[in-house]
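One file, run36.cif, is given below (mmCIF, C-alpha atoms).
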```cif
data_start
loop_
_atom_site.label_atom_id
_atom_site.label_comp_id
_atom_site.auth_asym_id
_atom_site.auth_seq_id
_atom_site.Cartn_x
_atom_site.Cartn_y
_atom_site.Cartn_z
CA MET A 1102 -20.25 17.26 -21.64
CA ARG A 1103 -16.56 16.51 -21.05
CA THR A 1104 -15.97 17.24 -17.38
CA HIS A 1105 -13.97 14.28 -16.07
CA THR A 1106 -10.27 14.10 -15.33
CA LYS A 1107 -8.35 10.96 -16.32
CA ILE A 1108 -5.17 9.39 -15.07
CA ILE A 1109 -3.48 7.46 -17.88
CA ALA A 1110 -1.02 4.92 -16.45
CA LEU A 1111 1.88 3.12 -18.13
CA PRO A 1112 3.17 -0.05 -16.42
CA PHE A 1113 6.69 -1.31 -15.78
CA ALA A 1114 8.52 -3.87 -17.93
CA GLY A 1115 6.47 -7.05 -18.18
CA GLY A 1116 3.41 -5.28 -16.80
CA GLY A 1117 -0.04 -4.84 -18.25
CA LYS A 1118 -3.53 -3.69 -17.36
CA HIS A 1119 -3.49 -5.82 -14.22
CA SER A 1120 -0.42 -4.06 -12.83
CA PHE A 1121 -2.32 -1.17 -11.23
CA TYR A 1122 -5.66 -2.87 -10.71
CA ARG A 1123 -5.88 -1.82 -7.04
CA PHE A 1124 -5.45 1.80 -8.08
CA SER A 1125 -8.04 1.52 -10.84
CA GLU A 1126 -10.52 -0.05 -8.39
CA LYS A 1127 -10.27 2.91 -6.00
CA VAL A 1128 -9.47 5.87 -8.27
CA PRO A 1129 -12.13 7.13 -10.72
CA GLN A 1130 -11.03 7.38 -14.34
CA PHE A 1131 -7.73 5.58 -13.69
CA TYR A 1132 -6.92 3.94 -17.02
CA THR A 1133 -3.96 1.58 -17.45
CA ILE A 1134 -2.53 1.18 -20.95
CA GLU A 1135 -2.12 -2.38 -22.23
CA TYR A 1136 1.15 -2.95 -24.10
CA PRO A 1137 1.12 -5.18 -27.20
CA GLY A 1138 1.84 -8.89 -26.82
CA ARG A 1139 0.01 -9.49 -23.51
CA GLY A 1140 -3.39 -9.44 -21.82
CA SER A 1141 -6.16 -8.15 -24.05
CA ARG A 1142 -3.51 -7.49 -26.74
CA PHE A 1143 -2.04 -10.99 -26.66
CA ASN A 1144 -2.43 -11.41 -30.43
CA ASP A 1145 -0.55 -8.19 -31.20
CA PRO A 1146 3.19 -8.74 -31.73
CA SER A 1147 5.46 -7.39 -29.00
CA ILE A 1148 7.40 -4.26 -29.90
CA ASN A 1149 10.96 -3.73 -28.66
CA ASP A 1150 11.70 -0.61 -30.74
CA ILE A 1151 10.89 2.41 -28.59
CA GLU A 1152 9.81 4.70 -31.45
CA LEU A 1153 7.42 2.08 -32.82
CA LEU A 1154 6.06 1.47 -29.34
CA LEU A 1155 5.47 5.20 -28.81
CA GLU A 1156 3.53 5.34 -32.10
CA ASP A 1157 1.45 2.37 -30.97
CA LEU A 1158 0.71 3.91 -27.58
CA LEU A 1159 -0.19 7.30 -29.05
CA LYS A 1160 -2.97 5.67 -31.07
CA ILE A 1161 -4.44 4.39 -27.80
CA ILE A 1162 -3.86 7.55 -25.76
CA ILE A 1163 -5.06 10.21 -28.21
CA PRO A 1164 -8.78 9.26 -27.90
CA HIS A 1165 -8.43 9.52 -24.11
CA ILE A 1166 -6.88 12.96 -24.46
CA SER A 1167 -9.66 14.14 -26.75
CA ASN A 1168 -12.55 13.03 -24.52
CA ALA A 1169 -11.03 14.00 -21.15
CA HIS A 1170 -11.54 17.42 -19.65
CA LYS A 1171 -8.03 17.19 -18.20
CA TYR A 1172 -5.61 14.32 -17.63
CA PHE A 1173 -2.39 13.19 -15.97
CA LEU A 1174 0.26 10.79 -17.29
CA TYR A 1175 1.70 8.32 -14.77
CA GLY A 1176 4.40 5.73 -15.34
CA HIS A 1177 6.41 3.35 -13.17
CA SER A 1178 9.95 2.32 -14.19
CA MET A 1179 9.85 1.69 -17.96
CA GLY A 1180 6.40 3.29 -17.91
CA GLY A 1181 7.97 6.45 -16.47
CA LEU A 1182 10.36 6.70 -19.41
CA LEU A 1183 7.49 6.13 -21.86
CA ALA A 1184 5.29 8.72 -20.11
CA TYR A 1185 8.09 11.29 -20.39
CA LEU A 1186 8.68 10.59 -24.09
CA LEU A 1187 4.95 10.54 -24.82
CA SER A 1188 4.62 13.98 -23.21
CA HIS A 1189 7.13 15.29 -25.73
CA LYS A 1190 5.32 13.59 -28.62
CA ILE A 1191 2.00 15.04 -27.47
CA GLU A 1192 3.53 18.51 -27.26
CA GLU A 1193 5.10 18.18 -30.73
CA MET A 1194 1.71 17.21 -32.17
CA GLY A 1195 0.12 20.29 -30.65
CA LEU A 1196 -2.26 18.22 -28.53
CA LYS A 1197 -3.46 18.94 -25.02
CA LEU A 1198 -0.65 18.31 -22.55
CA PRO A 1199 -1.16 16.42 -19.30
CA CYS A 1200 -1.71 18.60 -16.23
CA LYS A 1201 1.22 16.85 -14.61
CA LEU A 1202 3.68 14.04 -15.27
CA VAL A 1203 3.92 11.52 -12.41
CA ILE A 1204 6.98 9.25 -12.30
CA SER A 1205 7.82 6.42 -9.91
CA GLY A 1206 10.83 4.11 -9.78
CA LYS A 1207 12.69 5.75 -12.68
CA ASN A 1208 15.83 7.83 -12.81
CA SER A 1209 16.04 10.82 -15.14
CA PRO A 1210 16.27 9.66 -18.79
CA CYS A 1211 19.58 11.51 -19.23
CA CYS A 1212 21.24 9.27 -16.62
CA PHE A 1213 22.46 6.06 -18.17
CA ARG A 1214 24.26 3.51 -16.04
CA LYS A 1215 26.45 1.13 -18.02
CA ARG A 1216 25.67 -2.42 -16.95
CA ASP A 1217 25.16 -5.85 -18.47
CA LYS A 1218 21.93 -6.11 -20.39
CA ILE A 1219 19.42 -8.18 -18.45
CA SER A 1220 17.61 -9.03 -21.70
CA ASP A 1221 20.72 -10.89 -22.92
CA LEU A 1222 21.05 -13.14 -19.88
CA PRO A 1223 20.27 -16.86 -20.07
CA SER A 1224 16.95 -17.81 -18.52
CA HIS A 1225 18.08 -18.86 -15.02
CA LYS A 1226 20.29 -15.77 -14.55
CA PHE A 1227 17.56 -13.55 -15.97
CA TRP A 1228 15.03 -14.70 -13.38
CA THR A 1229 17.60 -14.44 -10.55
CA GLU A 1230 18.24 -10.83 -11.56
CA LEU A 1231 14.52 -10.08 -11.78
CA LYS A 1232 13.92 -11.54 -8.34
CA SER A 1233 16.46 -9.10 -6.89
CA TYR A 1234 14.22 -6.21 -8.00
CA GLY A 1235 11.38 -7.44 -5.81
CA GLY A 1236 7.78 -7.51 -7.00
CA ILE A 1237 8.05 -10.93 -8.66
CA SER A 1238 5.83 -13.44 -6.88
CA GLU A 1239 7.10 -16.87 -5.87
CA GLU A 1240 4.21 -18.30 -7.89
CA ILE A 1241 5.88 -17.04 -11.07
CA ILE A 1242 9.43 -17.89 -9.99
CA ASP A 1243 8.48 -21.48 -9.13
CA ASN A 1244 6.24 -22.18 -12.14
CA GLU A 1245 8.13 -23.09 -15.31
CA ASP A 1246 5.08 -22.66 -17.56
CA ILE A 1247 4.42 -19.14 -16.26
CA ARG A 1248 8.11 -18.24 -16.61
CA THR A 1249 8.13 -19.55 -20.18
CA TYR A 1250 5.11 -17.37 -21.00
CA TYR A 1251 6.39 -14.17 -19.40
CA GLU A 1252 10.11 -14.36 -20.20
CA PRO A 1253 9.95 -13.16 -23.85
CA ILE A 1254 7.50 -10.40 -22.89
CA ILE A 1255 9.67 -9.07 -20.06
CA LYS A 1256 12.89 -9.39 -22.07
CA SER A 1257 11.30 -7.49 -24.96
CA ASP A 1258 10.39 -4.67 -22.56
CA PHE A 1259 13.85 -4.60 -21.03
CA ARG A 1260 15.39 -4.22 -24.49
CA ILE A 1261 13.37 -1.04 -24.91
CA VAL A 1262 14.94 0.51 -21.82
CA GLU A 1263 18.41 -0.96 -22.31
CA ASN A 1264 18.67 0.20 -25.93
CA PHE A 1265 17.26 3.66 -25.26
CA GLN A 1266 19.63 6.46 -26.26
CA TYR A 1267 18.90 9.80 -24.67
CA GLN A 1268 18.70 12.86 -26.93
CA SER A 1269 18.58 16.33 -25.42
CA ARG A 1270 15.14 17.92 -25.72
CA ARG A 1271 13.67 21.27 -24.84
CA PRO A 1272 12.29 21.05 -21.28
CA LEU A 1273 8.62 20.25 -20.90
CA THR A 1274 6.17 22.90 -19.73
CA ILE A 1275 4.34 20.79 -17.15
CA PRO A 1276 5.12 20.01 -13.48
CA ILE A 1277 6.51 16.61 -12.50
CA ASP A 1278 6.09 14.55 -9.32
CA VAL A 1279 8.81 11.93 -8.80
CA PHE A 1280 8.64 9.02 -6.32
CA TYR A 1281 11.42 6.52 -5.68
CA GLY A 1282 12.43 3.83 -3.21
CA ASP A 1283 15.38 4.14 -0.85
CA ASN A 1284 16.42 0.55 -1.57
CA GLU A 1285 16.39 0.42 -5.36
CA GLU A 1286 19.35 0.85 -7.68
CA ILE A 1287 18.84 4.58 -8.22
CA GLU A 1288 21.13 7.26 -6.82
CA ASP A 1289 19.70 10.52 -5.53
CA PHE A 1290 21.56 12.57 -8.16
CA GLU A 1291 19.94 10.48 -10.93
CA ILE A 1292 16.53 11.43 -9.56
CA ILE A 1293 17.38 15.12 -9.05
CA LYS A 1294 18.21 15.35 -12.77
CA TRP A 1295 14.44 15.28 -13.43
CA LYS A 1296 14.60 18.99 -12.54
CA ASP A 1297 16.25 19.62 -15.90
CA LYS A 1298 13.38 18.01 -17.81
CA THR A 1299 10.77 20.72 -17.29
CA MET A 1300 10.50 24.47 -16.86
CA GLU A 1301 7.84 23.92 -14.20
CA SER A 1302 8.15 22.63 -10.63
CA VAL A 1303 9.46 19.15 -9.79
CA ASN A 1304 8.54 17.52 -6.47
CA PHE A 1305 10.47 14.54 -5.10
CA LYS A 1306 9.48 11.95 -2.50
CA LYS A 1307 11.77 9.16 -1.34
CA MET A 1308 9.91 6.22 0.18
CA LYS A 1309 11.16 3.14 2.02
CA GLY A 1310 11.27 0.06 -0.17
CA ASN A 1311 12.71 -1.62 -3.24
CA HIS A 1312 11.88 -1.01 -6.89
CA PHE A 1313 8.26 -1.99 -6.34
CA PHE A 1314 7.71 0.22 -3.30
CA ILE A 1315 4.43 1.40 -4.87
CA TYR A 1316 2.76 -1.83 -3.73
CA LYS A 1317 3.97 -1.30 -0.17
CA TYR A 1318 2.23 2.09 -0.19
CA GLU A 1319 -0.92 1.27 -2.12
CA GLN A 1320 -3.20 3.27 0.16
CA TYR A 1321 -0.90 6.26 -0.01
CA PHE A 1322 -0.97 6.26 -3.82
CA ILE A 1323 -4.72 5.68 -3.97
CA GLN A 1324 -5.15 8.79 -1.82
CA TYR A 1325 -2.52 10.66 -3.86
CA PHE A 1326 -4.24 9.98 -7.18
CA ASN A 1327 -7.66 10.84 -5.80
CA ASP A 1328 -6.30 14.09 -4.37
CA LEU A 1329 -4.55 14.82 -7.65
CA GLN A 1330 -7.84 14.78 -9.51
CA LYS A 1331 -9.42 17.10 -6.95
CA THR A 1332 -6.72 19.76 -7.43
CA ILE A 1333 -7.93 20.52 -10.95
#
```
Would you write out, as structure tokens, the structure that this file holds?
Amino acid sequence: MRTHTKIIALPFAGGGKHSFYRFSEKVPQFYTIEYPGRGSRFNDPSINDIELLLEDLLKIIIPHISNAHKYFLYGHSMGGLLAYLLSHKIEEMGLKLPCKLVISGKNSPCCFRKRDKISDLPSHKFWTELKSYGGISEEIIDNEDIRTYYEPIIKSDFRIVENFQYQSRRPLTIPIDVFYGDNEEIEDFEIIKWKDKTMESVNFKKMKGNHFFIYKYEQYFIQYFNDLQKTI
């Protein structure tokens, strides 16, 4: 009998199944999507076209939707954008919508800030820029072999976000929780714009930290996700 509630998580650019492993260890039915071109999907070619990537992810997510009693979609940074777009795709297909959309570290998709494309930077400048975001370990920064492995993966992901062109859509019909750091390159008004993306309630929480503030507050989010499942 289908009685469980799932949390389906979409990682940030360059992330994979390992990105939320501490959450998945402590939160029942916390499932992190693996993007193509890394981890267990190393042999699958990377995808830097957002529509093709959404099609790919839907094939993975739909079985989870069908065998879950209820579910939530969670995404951090690029994963937040993908979770939002996937919610629209799921609604268009007439499938069961998530109980709630949970976003962290991502401004509203209608807010586009013109800036140089990180994915076009030469290697040394690319890694300097990435380091400024926080969340990149010194082990990766200092290891040329690791950088060589990850660079095309991360750049491919950044192209998805940098080439994204927002198109106005009818607001969703599910609530949204939005978390963001007080020291990342996101303005408050860019976050508040999430209110326009649903007809239901939107809750905001600003937390101290840079773009990867979620790791600073691991215990908070473990409790949050566990509590989220209990509310259903």
Please write as a PyMOL selection string the full residue list that the PyMOL selection byres ((chain A and resi 1248) around 12) yields on this file.
-> chain A and resi 1115+1224-1225+1227-1229+1231+1237-1247+1249-1256
Can you tell me, as a PyMOL selection string, which residues sit within 12 Å of (13.9, 17.4, -16.6) in the file's frame, using all atoms listed in the file?
-> chain A and resi 1182+1185-1186+1188-1189+1202+1204+1208-1212+1269-1279+1291-1304
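Summary of the local environment: counting all atoms listed in the file, residues at most 12 Å from A:Asp1145, other than itself and those fewer than 5 positions away along its chain, are Glu1135, Tyr1136, Pro1137, Gly1138, Arg1139, Gly1140, Leu1154, Asp1157 and Ile1254 of chain A.
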Chain and number of each residue from the PyMOL selection byres ((chain A and resi 1133) around 10), as a PyMOL selection string | chain A and resi 1108-1112+1117-1122+1124-1125+1130-1132+1134-1136+1175-1176
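In this comparison, which uses all atoms listed in the file, the residue of A:Phe1259, A:Phe1322, A:Tyr1234, A:Tyr1172 approaching A:Leu1198 most closely is A:Tyr1172.
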Counting all atoms listed in the file, closest pick from A:Lys1201, A:Lys1207, A:Lys1331, A:Arg1142 relative to A:Asp1289 is A:Lys1207
Have stretch 1280-1295 of chain A completed to N, CA and C atoms, please, and pass it along as a compact mmCIF listing (two decimals), in the coordinates of the input.
```
# COMPACT_ATOMS: atom_id res chain seq x y z
N PHE A 1280 8.57 9.89 -7.49
CA PHE A 1280 8.64 9.02 -6.32
C PHE A 1280 9.70 7.94 -6.56
N TYR A 1281 10.45 7.61 -5.52
CA TYR A 1281 11.42 6.52 -5.68
C TYR A 1281 11.71 5.86 -4.34
N GLY A 1282 12.15 4.60 -4.42
CA GLY A 1282 12.43 3.83 -3.21
C GLY A 1282 13.85 4.04 -2.72
N ASP A 1283 14.03 3.94 -1.40
CA ASP A 1283 15.38 4.14 -0.85
C ASP A 1283 16.24 2.90 -0.96
N ASN A 1284 15.67 1.79 -1.47
CA ASN A 1284 16.42 0.55 -1.57
C ASN A 1284 16.37 -0.02 -2.99
N GLU A 1285 16.28 0.88 -3.98
CA GLU A 1285 16.39 0.42 -5.36
C GLU A 1285 17.66 0.99 -5.96
N GLU A 1286 18.07 0.46 -7.10
CA GLU A 1286 19.35 0.85 -7.68
C GLU A 1286 19.25 2.19 -8.40
N ILE A 1287 18.89 3.23 -7.68
CA ILE A 1287 18.84 4.58 -8.22
C ILE A 1287 19.51 5.51 -7.21
N GLU A 1288 20.46 6.28 -7.68
CA GLU A 1288 21.13 7.26 -6.82
C GLU A 1288 20.32 8.55 -6.78
N ASP A 1289 20.45 9.28 -5.67
CA ASP A 1289 19.70 10.52 -5.53
C ASP A 1289 19.97 11.50 -6.68
N PHE A 1290 21.24 11.60 -7.11
CA PHE A 1290 21.56 12.57 -8.16
C PHE A 1290 20.88 12.20 -9.49
N GLU A 1291 20.62 10.90 -9.70
CA GLU A 1291 19.94 10.48 -10.93
C GLU A 1291 18.47 10.88 -10.90
N ILE A 1292 17.91 10.98 -9.72
CA ILE A 1292 16.53 11.43 -9.56
C ILE A 1292 16.46 12.96 -9.69
N ILE A 1293 17.39 13.66 -9.03
CA ILE A 1293 17.38 15.12 -9.05
C ILE A 1293 17.46 15.66 -10.48
N LYS A 1294 18.07 14.91 -11.38
CA LYS A 1294 18.21 15.35 -12.77
C LYS A 1294 16.85 15.55 -13.46
N TRP A 1295 15.77 15.02 -12.86
CA TRP A 1295 14.44 15.28 -13.43
C TRP A 1295 14.15 16.79 -13.44
```
